[in-house]
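Written out below as structure tokens is the structure these notes cover.
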Amino acid sequence: MSTKPFEPNPYLPEYLQKLEVERAEAALALSRRAFIKVTGLAGGGLVLAMSMGPGARTALAQTKSPAAETTLNPYVQIRPDNTIVLYAKNPEVGQGVKTSLPMIVAEELDADWSKVEVRQAVIDAKLYGPQVAGGSTSTPTNWDPLRKAGATARAMLVAAAAKTWNVPAAELATENNVVRHAKSNRSATYGELAEVAATLPVPDAATVQLKPRSSYRLLGKRITGVDNPKIVTGQPLFGIDYRVPGMVFATFTKAPAIGARVKSANLDEIKKLRGVKDAFIVGQQGDHVGFSPGAPALGSGVAILASSTWSAMQAKKQLKVTWDETDASSDSWTDFRAQAKTFAAKPAAAQVLGQAGDVDGAFAAGKTLEAMYTYHYVSHADLEPQNTTAWFRGDSIEIWTPSQTPQAAVDAVASLLGLPKDKVTLHQLRGGGGFGRRLANDAVCEAAAISKQAGGIPVKVQWMREDDMTFDYYRPGGFHSFKASVDKAGKLSAWQGHFITVSRDGKAPMTAANIAPTEFPANVIGNQRMLQSLISSRIPTGPWRAPGSNAIAFAVQSFLHECAVAAKRDHLEFLLEVMGEPRFTVADNLRALHTGRAANVIKTVAERSGWGRDMPKGSALGLAFHFSHAGHFAEVAEVSVDANKKVRVHKVWVVADIGPIVNLSGAENQCQGSVVDAVSTAMGLRITFEKGRVEQTNFDKYPLVRIDKAPEVDVHFVESSYPPTGCGEPAFPPAAPAIANAIFTATGQRVRTLPFSAEGYTL
Amino acid sequence: MLSLNVNGQTLEVGDDVDPKTPLLWVLRDSLGLVGTKYGCGVGQCSACTVHLNGVAIQSCQVPAESAVGQRITTIEGLSAPGATLTAVQQAWIEEDVPQCGYCQAGQIMRATALLARVPKPTDEQIDNDMAANICRCGTYTRIRKAIHSAAAKIAKTGGAS
């Protein structure tokens, strides 16, 4: 099997695609570079040599080991007591990489996991390459570099034992932090060997031997999260928990109409309130409506600094601002719907994104059907509202934040404050949920600007829930109008999708509001056409768990079921037929949809869920498949619906092919959580806006699913020898259409709107 | 000056703090007990759950002054630092419940109060209590499993949680 150079996931916004490519390239470069130039220092410590550049040395000074720790590479330190420190490079926002990425290193190192301590790595591209939590890319892009980091360190420890005992390295075996020589019945711990190991040449990462999967001891097991002991005892861990001595607490108030600017505010009154230390207007800088994590993103607003979060929040309630709405959004969802209807009626006027075959001929020869799907905007609703602590010190700034794009955050702040990048130090903290919201660094920019404007005091900017819900880079709402035909044999003969989406400039869709011209099923059938129309909007959009896919899968997989129904075919059989012969849909691209892998997960989920079995009246199974983030996911939902449209999602079966599993517990948790998230979002979540003002402000109007309505989730990973892919997102998209298809089968009613509550269905 | 009984200790809160400040913010900002979390501020998500005399309450809805003279327990006080974790805390680790982990202090506090009242809860009893708490990551399957597992642990050790 040949592999092509790395190709980014086309569903990702351009920014993340670029980041993906850079990151894949840097990871390759790092694996060549980082382990080669290592120089021993007196005292047992090690630093990476000059080739890493001054930034790397500064960063290493921060992680500088006490004399007791020997550094074998940026990921591995070993202590004389035979415990190991592994560095987790990427932001942790609940996707589990702080546990799973070090597990990859530990596997190749033959480390005893019970003797491993995981630490968050410093933010430094020179040491770690791209550090980002987005696009379900952590596992695929770090798989090789991290295995090599572990294997290289292991080889150095083996070489140290070989040298010490004067035996061939080939006769040595490793297991659980110990090197053994069976012939002479000698053994030594990694702790005993580390100092010698660090003085030996670093093996070439390109040729270092990696374990066959059959001999894995750790990968594929269920390992509990490394931060769990701190989480269950309430230790400080998250962005909101961070304290700096002398720190003040700040709120920041932006306009209800997105994009409006402060004209004036009752600052004198605010400053007199209990606990308030300062209040001032912050001017707009950069473009905070467009999603651009590495650029300054500072909206116009009012900062209130106080001695406690509560004082700042109370004062915020007394704030009276006059807004200049010249540049503000006046968008209305009601109006968007009306525009979409008009666009849908005139497909001939739409832009043609792609087409193949003879669509119109097939339509004329077959039985056609049409339908229009609608999906609302949704908010990320991270349970930890956005926050950042910043301390501007004249010629430098220090930042503590749970950003999903910490390196981009450094760029944004440097540019915002006019500082060189090396004067911006960012500390990565755990994020209470991400889902894509923390890819944007608007809260980071606010904290940096406010700390500076306040005269260089440490400030924690804490958003209230209302701030978080009314200013977000939302999952864009949109519309999808379809026409398809089935031929006399009941086969899907042509497919036309008319994607009606939002655009800020009237030329291209906004971030995460785009569709690939080859979006399924365009990439598997001969006669297809993809059209696009644009609605003008200024409501900010951004990546939201499984960007694009999270709504597109609902529309496509529901309409495909409509086609199966029109053809009077079993949905399972119809879906498998659409997939056709096993093949990659992009030649030789291991990250592309493979119809054979798709068919395999579809068949397996049918078996596991008992597809075709008799169901009680009002109950049904629904099926859907979606490929995203290089993961193949098929899901079946068991649903019952009563006469009042009350829905119960009893169980969802998930079958996935994402290659080998790193942490089975983490992977299952992501799938379970994605399905629950999808039930929430499909059933009842929507953000609406009128006159540019978002209408939902807190959880009372944004009903996230609770335990009593959460379905049972059965997760199964098929064995596959493809490279591993990420798991934080791709389980989400198929759940909504699986539920909608089940509702149709149970009731004969087709739901064509996300959330279903817009059509009267409730949980 | 407010005097609060938190985790078995008497802690003083300075006069600069408005006595009507919700207990949540006194715990977090004045006393530095940041395990209790802010999620919504309006009594919707229960990330701020603590015990008042053993009963699970939303600390964002309780003025600090009304907690004077009552026994307040936070996530930090469930087990002493370095001591054995409670059955609920252990079950949370063994079942690997957390994803982001932000809501879990609140979940653990409510689950602990539930088990103190109902030692062997049914799924329905779990739903009735735990539906007060939102987990944005959707770890509900594991929360349920961990509560059952903790109940079994407590039964085995004769009631000590």
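Please note that chains go A, B, ... in the order of the structure tokens, that every chain numbers its residues from 1, and that ligands are numbered from 1 in the order shown.
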Expected answer as a JSON list (two decimals) with N, CA, C and O atoms, in the first residue's frame: chain B residues within 6 Å of chain A, only C-alpha atoms:
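Output saved as iface_2.json:
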[["chain", "number", "residue", "atom", "x", "y", "z"],
["B", 34, "VAL", "N", -10.83, 26.23, 44.69],
["B", 34, "VAL", "CA", -11.30, 26.40, 43.31],
["B", 34, "VAL", "C", -11.85, 25.11, 42.69],
["B", 34, "VAL", "O", -12.19, 25.08, 41.51],
["B", 35, "GLY", "N", -11.94, 24.06, 43.50],
["B", 35, "GLY", "CA", -12.50, 22.81, 42.98],
["B", 35, "GLY", "C", -13.96, 22.95, 42.61],
["B", 35, "GLY", "O", -14.47, 22.29, 41.71],
["B", 39, "GLY", "N", -20.40, 27.47, 36.20],
["B", 39, "GLY", "CA", -20.81, 27.09, 34.85],
["B", 39, "GLY", "C", -21.85, 28.01, 34.27],
["B", 39, "GLY", "O", -21.79, 28.37, 33.10],
["B", 40, "CYS", "N", -22.84, 28.41, 35.08],
["B", 40, "CYS", "CA", -23.94, 29.20, 34.52],
["B", 40, "CYS", "C", -24.35, 30.36, 35.44],
["B", 40, "CYS", "O", -24.87, 31.35, 34.96],
["B", 75, "ILE", "N", -15.53, 19.70, 47.33],
["B", 75, "ILE", "CA", -14.81, 18.57, 46.73],
["B", 75, "ILE", "C", -13.44, 18.36, 47.42],
["B", 75, "ILE", "O", -12.99, 17.24, 47.60],
["B", 76, "GLU", "N", -12.83, 19.48, 47.82],
["B", 76, "GLU", "CA", -11.52, 19.38, 48.48],
["B", 76, "GLU", "C", -11.62, 18.68, 49.83],
["B", 76, "GLU", "O", -10.63, 18.16, 50.35],
["B", 89, "GLN", "N", -15.00, 8.82, 44.72],
["B", 89, "GLN", "CA", -13.81, 9.33, 44.01],
["B", 89, "GLN", "C", -13.06, 8.18, 43.32],
["B", 89, "GLN", "O", -12.63, 8.30, 42.18],
["B", 93, "ILE", "N", -12.35, 7.40, 39.18],
["B", 93, "ILE", "CA", -11.05, 7.14, 38.53],
["B", 93, "ILE", "C", -11.08, 5.79, 37.82],
["B", 93, "ILE", "O", -10.65, 5.67, 36.67],
["B", 96, "ASP", "N", -12.93, 5.82, 34.75],
["B", 96, "ASP", "CA", -12.41, 6.87, 33.86],
["B", 96, "ASP", "C", -13.56, 7.76, 33.37],
["B", 96, "ASP", "O", -13.75, 7.95, 32.18],
["B", 99, "GLN", "N", -14.12, 13.55, 30.97],
["B", 99, "GLN", "CA", -13.49, 13.92, 29.71],
["B", 99, "GLN", "C", -12.76, 15.23, 29.99],
["B", 99, "GLN", "O", -11.60, 15.20, 30.37],
["B", 100, "CYS", "N", -13.46, 16.36, 29.88],
["B", 100, "CYS", "CA", -12.76, 17.60, 30.26],
["B", 100, "CYS", "C", -12.63, 17.68, 31.77],
["B", 100, "CYS", "O", -11.68, 18.26, 32.29],
["B", 102, "TYR", "N", -14.53, 19.24, 33.95],
["B", 102, "TYR", "CA", -14.92, 20.49, 34.59],
["B", 102, "TYR", "C", -16.16, 20.33, 35.48],
["B", 102, "TYR", "O", -16.25, 20.93, 36.54],
["B", 127, "ASP", "N", -31.18, 8.95, 38.08],
["B", 127, "ASP", "CA", -31.67, 9.97, 37.13],
["B", 127, "ASP", "C", -32.30, 11.15, 37.87],
["B", 127, "ASP", "O", -32.04, 12.31, 37.55],
["B", 131, "ALA", "N", -29.94, 14.39, 37.34],
["B", 131, "ALA", "CA", -30.41, 15.23, 36.22],
["B", 131, "ALA", "C", -30.23, 16.71, 36.53],
["B", 131, "ALA", "O", -30.35, 17.56, 35.65],
["B", 134, "ILE", "N", -25.33, 19.14, 34.63],
["B", 134, "ILE", "CA", -25.00, 19.02, 33.20],
["B", 134, "ILE", "C", -23.56, 18.54, 33.05],
["B", 134, "ILE", "O", -22.66, 19.03, 33.73],
["B", 137, "CYS", "N", -19.66, 17.21, 28.14],
["B", 137, "CYS", "CA", -18.96, 16.18, 27.36],
["B", 137, "CYS", "C", -19.81, 14.93, 27.20],
["B", 137, "CYS", "O", -19.49, 14.06, 26.41],
["B", 138, "GLY", "N", -20.86, 14.79, 28.01],
["B", 138, "GLY", "CA", -21.75, 13.63, 27.86],
["B", 138, "GLY", "C", -21.22, 12.35, 28.47],
["B", 138, "GLY", "O", -21.33, 11.28, 27.89],
["B", 139, "THR", "N", -20.68, 12.45, 29.69],
["B", 139, "THR", "CA", -20.12, 11.25, 30.34],
["B", 139, "THR", "C", -21.16, 10.51, 31.18],
["B", 139, "THR", "O", -20.81, 9.78, 32.09],
["B", 140, "TYR", "N", -22.42, 10.68, 30.85],
["B", 140, "TYR", "CA", -23.50, 10.16, 31.71],
["B", 140, "TYR", "C", -23.46, 8.64, 31.90],
["B", 140, "TYR", "O", -23.73, 8.15, 32.99]]
Spatial neighbours of region 749-757 of chain A, 6 Å, only C-alpha atoms, chain gap at least 6 places, as an MDAnalysis selection string
chainID A and resid 373:375 682:685
For the strand (DSSP E) assignment from backbone DSSP, which residues of region 40-249 of chain A qualify? Please present them as a JSON list (two decimals) with N, CA and C atoms, in the first residue's frame.
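Generated file (part04.json):
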[["chain", "number", "residue", "atom", "x", "y", "z"],
["A", 40, "GLY", "N", 25.67, 15.81, 26.04],
["A", 40, "GLY", "CA", 25.67, 15.59, 27.48],
["A", 40, "GLY", "C", 26.22, 16.79, 28.22],
["A", 46, "LEU", "N", 20.71, 16.88, 30.46],
["A", 46, "LEU", "CA", 20.96, 16.96, 29.03],
["A", 46, "LEU", "C", 20.20, 18.11, 28.45],
["A", 47, "VAL", "N", 20.78, 18.79, 27.51],
["A", 47, "VAL", "CA", 19.96, 19.73, 26.74],
["A", 47, "VAL", "C", 20.13, 19.45, 25.26],
["A", 48, "LEU", "N", 19.15, 19.81, 24.52],
["A", 48, "LEU", "CA", 19.27, 19.70, 23.08],
["A", 48, "LEU", "C", 20.24, 20.77, 22.61],
["A", 70, "THR", "N", 17.06, 12.85, 34.15],
["A", 70, "THR", "CA", 17.88, 12.82, 32.95],
["A", 70, "THR", "C", 16.98, 12.90, 31.73],
["A", 71, "THR", "N", 17.28, 13.87, 30.87],
["A", 71, "THR", "CA", 16.45, 14.08, 29.69],
["A", 71, "THR", "C", 17.00, 13.29, 28.51],
["A", 72, "LEU", "N", 16.20, 12.41, 27.97],
["A", 72, "LEU", "CA", 16.64, 11.66, 26.79],
["A", 72, "LEU", "C", 16.17, 12.31, 25.50],
["A", 73, "ASN", "N", 15.05, 12.98, 25.55],
["A", 73, "ASN", "CA", 14.57, 13.78, 24.41],
["A", 73, "ASN", "C", 13.44, 14.66, 24.94],
["A", 76, "VAL", "N", 10.87, 12.65, 27.02],
["A", 76, "VAL", "CA", 11.22, 11.61, 28.00],
["A", 76, "VAL", "C", 12.30, 12.08, 28.97],
["A", 77, "GLN", "N", 11.98, 11.99, 30.27],
["A", 77, "GLN", "CA", 12.98, 12.18, 31.31],
["A", 77, "GLN", "C", 12.90, 10.96, 32.25],
["A", 78, "ILE", "N", 14.06, 10.57, 32.76],
["A", 78, "ILE", "CA", 14.10, 9.40, 33.64],
["A", 78, "ILE", "C", 14.79, 9.78, 34.95],
["A", 84, "ILE", "N", 9.45, 7.73, 35.48],
["A", 84, "ILE", "CA", 9.64, 8.39, 34.18],
["A", 84, "ILE", "C", 8.70, 9.59, 34.09],
["A", 85, "VAL", "N", 9.22, 10.68, 33.54],
["A", 85, "VAL", "CA", 8.37, 11.82, 33.24],
["A", 85, "VAL", "C", 8.17, 11.88, 31.73],
["A", 86, "LEU", "N", 6.92, 11.86, 31.29],
["A", 86, "LEU", "CA", 6.63, 12.01, 29.87],
["A", 86, "LEU", "C", 5.90, 13.33, 29.66],
["A", 87, "TYR", "N", 6.24, 14.02, 28.58],
["A", 87, "TYR", "CA", 5.64, 15.33, 28.31],
["A", 87, "TYR", "C", 4.51, 15.21, 27.29],
["A", 88, "ALA", "N", 3.35, 15.78, 27.68],
["A", 88, "ALA", "CA", 2.18, 15.82, 26.80],
["A", 88, "ALA", "C", 2.23, 17.13, 26.05],
["A", 116, "VAL", "N", 4.91, 6.20, 35.52],
["A", 116, "VAL", "CA", 4.99, 7.36, 34.63],
["A", 116, "VAL", "C", 4.25, 8.54, 35.23],
["A", 117, "GLU", "N", 4.90, 9.70, 35.20],
["A", 117, "GLU", "CA", 4.22, 10.95, 35.54],
["A", 117, "GLU", "C", 4.12, 11.76, 34.26],
["A", 118, "VAL", "N", 2.92, 12.27, 33.96],
["A", 118, "VAL", "CA", 2.76, 13.06, 32.74],
["A", 118, "VAL", "C", 2.72, 14.53, 33.10],
["A", 119, "ARG", "N", 3.49, 15.32, 32.38],
["A", 119, "ARG", "CA", 3.47, 16.77, 32.56],
["A", 119, "ARG", "C", 3.09, 17.44, 31.25],
["A", 120, "GLN", "N", 2.43, 18.58, 31.37],
["A", 120, "GLN", "CA", 2.10, 19.37, 30.19],
["A", 120, "GLN", "C", 3.39, 20.01, 29.67],
["A", 172, "LEU", "N", 19.59, -8.05, 24.29],
["A", 172, "LEU", "CA", 18.88, -7.43, 25.42],
["A", 172, "LEU", "C", 17.39, -7.27, 25.14],
["A", 173, "ALA", "N", 16.63, -7.40, 26.19],
["A", 173, "ALA", "CA", 15.18, -7.20, 26.09],
["A", 173, "ALA", "C", 14.75, -6.16, 27.11],
["A", 174, "THR", "N", 13.63, -5.48, 26.81],
["A", 174, "THR", "CA", 13.14, -4.46, 27.76],
["A", 174, "THR", "C", 11.70, -4.76, 28.12],
["A", 175, "GLU", "N", 11.35, -4.43, 29.34],
["A", 175, "GLU", "CA", 9.96, -4.54, 29.80],
["A", 175, "GLU", "C", 9.83, -3.76, 31.09],
["A", 178, "VAL", "N", 12.80, -1.89, 32.72],
["A", 178, "VAL", "CA", 13.96, -2.72, 33.04],
["A", 178, "VAL", "C", 14.57, -3.26, 31.75],
["A", 179, "VAL", "N", 15.93, -3.25, 31.67],
["A", 179, "VAL", "CA", 16.63, -3.92, 30.57],
["A", 179, "VAL", "C", 17.18, -5.23, 31.12],
["A", 180, "ARG", "N", 16.97, -6.32, 30.37],
["A", 180, "ARG", "CA", 17.44, -7.64, 30.84],
["A", 180, "ARG", "C", 18.38, -8.29, 29.84],
["A", 181, "HIS", "N", 19.35, -9.01, 30.37],
["A", 181, "HIS", "CA", 20.19, -9.86, 29.55],
["A", 181, "HIS", "C", 19.97, -11.28, 30.04],
["A", 186, "ARG", "N", 21.27, -10.92, 33.93],
["A", 186, "ARG", "CA", 21.48, -9.60, 34.53],
["A", 186, "ARG", "C", 20.35, -8.67, 34.15],
["A", 187, "SER", "N", 20.08, -7.75, 35.02],
["A", 187, "SER", "CA", 19.08, -6.73, 34.68],
["A", 187, "SER", "C", 19.45, -5.41, 35.32],
["A", 188, "ALA", "N", 18.95, -4.35, 34.72],
["A", 188, "ALA", "CA", 19.16, -3.00, 35.29],
["A", 188, "ALA", "C", 17.93, -2.17, 34.98],
["A", 189, "THR", "N", 17.61, -1.29, 35.90],
["A", 189, "THR", "CA", 16.43, -0.43, 35.67],
["A", 189, "THR", "C", 16.81, 0.74, 34.77],
["A", 248, "VAL", "N", -6.25, 40.83, 39.71],
["A", 248, "VAL", "CA", -7.62, 41.31, 39.81],
["A", 248, "VAL", "C", -8.50, 40.54, 38.83],
["A", 249, "PHE", "N", -9.80, 40.56, 39.12],
["A", 249, "PHE", "CA", -10.76, 39.79, 38.32],
["A", 249, "PHE", "C", -11.50, 40.76, 37.41]]
Pick out the residues sitting within 10 Å of Phe291 (chain A), and hand them over as a PyMOL selection string; count only C-alpha atoms, and ignore anything fewer than 5 positions along from it in its own chain.
chain A and resi 13+15+297+439-442+472-473+510-512+540-543
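Note that CA of Ala149 (chain A) and CA of Ser114 (chain A) are 19.3 Å apart.
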CA of Val378 (chain A) to CA of Ile687 (chain A), distance in Å rounded to a single decimal
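Going from CA of Val378 (chain A) over to CA of Ile687 (chain A) covers 5.1 Å.
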For Glu325 (chain A), list every protein, DNA or RNA residue within 12 Å, evaluated using only C-alpha atoms, and leave out those in the same chain fewer than 5 positions away; present the list as number ranges by chain.
A: 254-263, 300, 330, 691-693
How many Å lie between CA of Val718 (chain A) and CA of Phe584 (chain A), rounded to one decimal?
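Computing the Euclidean distance for CA of Val718 (chain A) and CA of Phe584 (chain A) yields 18.0 Å.
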